[in-house]
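Accompanying notes for the structure given below.
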Amino acid sequence: MAEHRKLTQAELVAEARDRFGDDPLDWAFQCPRCGDVATGRDFRDALAEHPRKNRDGSDTIASDVLGQECIGRTLGALKGPNTGDGKGQAKRGCDWCAYGFIPGPWEIVLPDGRTMNGFPLADAAPAEAKPLRPAVRALVKALKLRSTYGRPCWVKCTQAWAALIVPSLRNGADGPYELLRTFRRSTLDEAIVAGLVVECGDLVPAPPIGGRHWAAQPEVRGRIIALAQKNGDSK
Ligand SMILES: [Zn+2]
């Protein structure tokens with residue numbers, strides 16, 4: 001079970017922002033009993049599906065229960081049968097809450113000096129686990145395959161498009177270059193921002209390729225592009 005920890009509300013907010021970003025819907029807390037990790041967005045969806053009222057009669061919203069209750073309490077864990085694991089009818093989570101018989105384990109000091117109990121923030125930032133778009137994966141995969149020749153891959157860009165120019169698999173190490181595929185420029189930008197690929201050096205004349213494609217025109221200049229984690233690939 002998670003350890004007791006005492007922190008101010010301001011510290012909690014700062015830490016949540018640091019881990020998950022500014023949007024509280026992305027903040028995630030972990031139930032100390034069943035281990036379920038739920039975000040504000042999970043609670044918003046669960047409450048839309050299973051609306052509840054607060055004690056004062058107002059509708060319960062995500063911020064009323066995020067970090068206070070396991071999401072199972074909203075999803076039917078309090079509705080029997082008693083299964084011994086506190087799950088009841090909930091499809092995830094359990095009936096645990098931070099204000100119950102065993103409180104916390106975090107203790108939050110509010111600005112007015114009162115304290116309230118809460119669940120611990122979850123460890124992993126879900127944003128980092130976001131899967132890459134298929135096009136970004138395809139770009140990385142193409143670079144992986146074509147950089148095995150020991151010659152650099154090139155990219156030529158327009159405002160909207162990025163043409164990947166790679167060593168042809170014909171004629172070994174001295175073979176020609178060819179246009180492998182045209183990606184959206186945003187796909188290239190996304191791969192760069194994600195730290196997967198890097199563009200190297202200045203815009204210079206790229207190795208010639210055949211065909212009538214815009215990327216085949218020698219006036220359109222290009223740059224070397226490489227996988228970010230690999231160095232010294234280009235000889
Ligand atoms: Zn739980």
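Ordering of the structure tokens sets the chain letters (A, B, ...); residue numbers start at 1 within each chain; ligands are numbered from 1 in the order shown.
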Counting only C-alpha atoms and all ligand atoms, which protein, DNA or RNA residues come within 12 Å of ligand 1, given as a CSV table (one decimal) with N, CA and C atoms, in the first residue's frame?
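What landed in out.csv:
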```csv
chain,number,residue,atom,x,y,z
A,1,MET,N,0.8,-1.2,0.0
A,1,MET,CA,0.0,0.0,0.0
A,1,MET,C,0.9,1.3,0.0
A,29,PHE,N,-4.7,9.6,-10.5
A,29,PHE,CA,-4.5,9.1,-9.2
A,29,PHE,C,-4.6,7.6,-9.1
A,30,GLN,N,-4.0,7.0,-8.2
A,30,GLN,CA,-4.0,5.6,-8.1
A,30,GLN,C,-4.7,5.1,-6.8
A,31,CYS,N,-5.6,4.2,-7.0
A,31,CYS,CA,-6.3,3.6,-5.8
A,31,CYS,C,-5.4,2.8,-5.0
A,32,PRO,N,-5.2,3.1,-3.7
A,32,PRO,CA,-4.2,2.3,-2.9
A,32,PRO,C,-4.7,0.9,-2.6
A,33,ARG,N,-5.9,0.6,-2.9
A,33,ARG,CA,-6.4,-0.7,-2.6
A,33,ARG,C,-6.3,-1.6,-3.8
A,34,CYS,N,-6.9,-1.2,-4.9
A,34,CYS,CA,-6.9,-2.1,-6.1
A,34,CYS,C,-5.9,-1.7,-7.2
A,35,GLY,N,-5.3,-0.6,-7.0
A,35,GLY,CA,-4.2,-0.2,-8.0
A,35,GLY,C,-4.7,0.5,-9.2
A,36,ASP,N,-6.1,0.6,-9.4
A,36,ASP,CA,-6.6,1.2,-10.6
A,36,ASP,C,-6.1,2.7,-10.7
A,37,VAL,N,-5.7,3.0,-11.9
A,37,VAL,CA,-5.2,4.4,-12.2
A,37,VAL,C,-6.3,5.1,-13.0
A,38,ALA,N,-6.9,6.2,-12.4
A,38,ALA,CA,-8.0,6.9,-13.1
A,38,ALA,C,-7.7,8.3,-13.3
A,67,GLY,N,-9.1,11.6,-7.1
A,67,GLY,CA,-8.1,11.6,-6.1
A,67,GLY,C,-8.8,11.3,-4.7
A,68,GLN,N,-10.1,11.2,-4.7
A,68,GLN,CA,-10.8,11.0,-3.4
A,68,GLN,C,-11.4,9.6,-3.3
A,69,GLU,N,-11.8,9.1,-4.4
A,69,GLU,CA,-12.5,7.8,-4.5
A,69,GLU,C,-11.9,7.0,-5.6
A,70,CYS,N,-11.9,5.7,-5.4
A,70,CYS,CA,-11.7,4.8,-6.5
A,70,CYS,C,-12.8,4.9,-7.5
A,71,ILE,N,-12.5,4.8,-8.8
A,71,ILE,CA,-13.5,5.0,-9.8
A,71,ILE,C,-14.6,3.9,-9.7
A,72,GLY,N,-14.3,2.8,-9.0
A,72,GLY,CA,-15.3,1.8,-8.9
A,72,GLY,C,-16.5,2.2,-8.1
A,73,ARG,N,-16.4,3.2,-7.2
A,73,ARG,CA,-17.5,3.7,-6.4
A,73,ARG,C,-18.6,4.3,-7.3
A,74,THR,N,-18.1,4.9,-8.4
A,74,THR,CA,-19.0,5.6,-9.4
A,74,THR,C,-19.6,4.5,-10.3
A,75,LEU,N,-18.8,3.5,-10.6
A,75,LEU,CA,-19.2,2.5,-11.6
A,75,LEU,C,-20.0,1.3,-11.0
A,76,GLY,N,-20.4,1.3,-9.8
A,76,GLY,CA,-21.3,0.3,-9.2
A,76,GLY,C,-20.7,-0.6,-8.2
A,77,ALA,N,-19.5,-0.3,-7.6
A,77,ALA,CA,-18.9,-1.1,-6.6
A,77,ALA,C,-19.7,-1.2,-5.3
A,78,LEU,N,-20.5,-0.1,-5.1
A,78,LEU,CA,-21.3,-0.1,-3.9
A,78,LEU,C,-22.6,-0.9,-4.0
A,85,ASP,N,-13.9,-8.5,-2.8
A,85,ASP,CA,-12.8,-7.6,-3.3
A,85,ASP,C,-13.3,-6.2,-3.5
A,86,GLY,N,-14.5,-5.9,-3.0
A,86,GLY,CA,-15.0,-4.5,-3.1
A,86,GLY,C,-15.4,-4.1,-4.5
A,87,LYS,N,-15.5,-5.0,-5.4
A,87,LYS,CA,-15.8,-4.6,-6.8
A,87,LYS,C,-17.3,-4.5,-7.1
A,88,GLY,N,-18.1,-5.3,-6.4
A,88,GLY,CA,-19.5,-5.2,-6.7
A,88,GLY,C,-19.8,-5.4,-8.2
A,90,ALA,N,-18.9,-3.1,-10.4
A,90,ALA,CA,-18.1,-2.2,-11.2
A,90,ALA,C,-17.2,-2.9,-12.2
A,91,LYS,N,-17.1,-2.4,-13.4
A,91,LYS,CA,-16.3,-3.1,-14.4
A,91,LYS,C,-14.8,-2.8,-14.2
A,92,ARG,N,-14.5,-1.8,-13.4
A,92,ARG,CA,-13.1,-1.6,-13.0
A,92,ARG,C,-13.1,-0.9,-11.7
A,93,GLY,N,-12.0,-0.9,-10.9
A,93,GLY,CA,-11.9,-0.3,-9.7
A,93,GLY,C,-12.6,-1.0,-8.5
A,94,CYS,N,-12.7,-0.3,-7.4
A,94,CYS,CA,-13.3,-1.0,-6.2
A,94,CYS,C,-14.0,0.1,-5.4
A,95,ASP,N,-14.4,-0.3,-4.2
A,95,ASP,CA,-15.2,0.7,-3.4
A,95,ASP,C,-14.4,1.5,-2.4
A,96,TRP,N,-13.1,1.5,-2.6
A,96,TRP,CA,-12.2,2.3,-1.7
A,96,TRP,C,-12.4,3.8,-1.8
A,97,CYS,N,-12.2,4.5,-0.7
A,97,CYS,CA,-12.1,5.9,-0.8
A,97,CYS,C,-11.1,6.5,0.2
A,98,ALA,N,-10.6,7.7,0.0
A,98,ALA,CA,-9.6,8.3,0.8
A,98,ALA,C,-10.1,8.8,2.1
A,119,PHE,N,-5.9,10.1,-2.5
A,119,PHE,CA,-5.1,9.0,-3.1
A,119,PHE,C,-3.7,9.6,-3.6
```
Quiz item: What's the 8 Å shell around A:Gly118, counting only C-alpha atoms, without same-chain residues fewer than 2 positions away, as a PyMOL selection string?
Solution: chain A and resi 67-68+98-99+103-108+116+120
Write the residues of the selection above to a file with N, CA and C atoms, as a PDB file, in the first residue's frame.
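Writing done, so here's selection_9.pdb:
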```
ATOM      1  N   GLY A  67      -9.122  11.605  -7.144  1.00  0.00           N
ATOM      2  CA  GLY A  67      -8.145  11.566  -6.061  1.00  0.00           C
ATOM      3  C   GLY A  67      -8.755  11.312  -4.695  1.00  0.00           C
ATOM      4  N   GLN A  68     -10.085  11.234  -4.650  1.00  0.00           N
ATOM      5  CA  GLN A  68     -10.787  11.024  -3.384  1.00  0.00           C
ATOM      6  C   GLN A  68     -11.364   9.626  -3.277  1.00  0.00           C
ATOM      7  N   ALA A  98     -10.642   7.688  -0.016  1.00  0.00           N
ATOM      8  CA  ALA A  98      -9.571   8.264   0.795  1.00  0.00           C
ATOM      9  C   ALA A  98     -10.079   8.768   2.137  1.00  0.00           C
ATOM     10  N   TYR A  99     -11.417   8.921   2.280  1.00  0.00           N
ATOM     11  CA  TYR A  99     -11.997   9.467   3.510  1.00  0.00           C
ATOM     12  C   TYR A  99     -12.637   8.373   4.354  1.00  0.00           C
ATOM     13  N   PRO A 103      -7.695   6.129   6.154  1.00  0.00           N
ATOM     14  CA  PRO A 103      -7.687   7.328   5.305  1.00  0.00           C
ATOM     15  C   PRO A 103      -6.422   7.460   4.461  1.00  0.00           C
ATOM     16  N   GLY A 104      -6.519   8.368   3.485  1.00  0.00           N
ATOM     17  CA  GLY A 104      -5.347   8.725   2.696  1.00  0.00           C
ATOM     18  C   GLY A 104      -5.038   7.760   1.591  1.00  0.00           C
ATOM     19  N   PRO A 105      -3.784   7.447   1.377  1.00  0.00           N
ATOM     20  CA  PRO A 105      -2.646   7.665   2.288  1.00  0.00           C
ATOM     21  C   PRO A 105      -2.019   9.057   2.213  1.00  0.00           C
ATOM     22  N   TRP A 106      -2.458   9.910   1.292  1.00  0.00           N
ATOM     23  CA  TRP A 106      -1.880  11.254   1.267  1.00  0.00           C
ATOM     24  C   TRP A 106      -2.762  12.186   2.078  1.00  0.00           C
ATOM     25  N   GLU A 107      -2.105  13.165   2.690  1.00  0.00           N
ATOM     26  CA  GLU A 107      -2.803  14.139   3.504  1.00  0.00           C
ATOM     27  C   GLU A 107      -2.520  15.505   2.901  1.00  0.00           C
ATOM     28  N   ILE A 108      -3.562  16.181   2.464  1.00  0.00           N
ATOM     29  CA  ILE A 108      -3.410  17.442   1.739  1.00  0.00           C
ATOM     30  C   ILE A 108      -3.778  18.602   2.666  1.00  0.00           C
ATOM     31  N   MET A 116      -7.261  17.381   4.190  1.00  0.00           N
ATOM     32  CA  MET A 116      -8.144  16.351   3.665  1.00  0.00           C
ATOM     33  C   MET A 116      -7.285  15.191   3.159  1.00  0.00           C
ATOM     34  N   PRO A 120      -2.725   8.817  -3.731  1.00  0.00           N
ATOM     35  CA  PRO A 120      -1.483   9.311  -4.331  1.00  0.00           C
ATOM     36  C   PRO A 120      -1.648   9.543  -5.830  1.00  0.00           C
TER      37      PRO A 120
END
```
Quiz item: What lies within 7 Å of A:Leu179 using only C-alpha atoms, ignoring chain neighbours under 3 positions off, as a PyMOL selection string?
Solution: chain A and resi 163-166+209
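Between A:Lys6 and the residues A:Arg52, A:Thr83, A:Leu110, A:Phe20, the shortest atom-to-atom distance, using only C-alpha atoms, involves A:Leu110.
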Quiz item: Which of these, A:Gln159, A:Ile192, A:Ser168, A:Thr115, has the shortest distance to A:Leu139 once you count only C-alpha atoms?
Solution: A:Ile192
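Distance-wise, atom CA of A:Leu66 and atom CA of A:Gln89 end up 19.9 Å apart.
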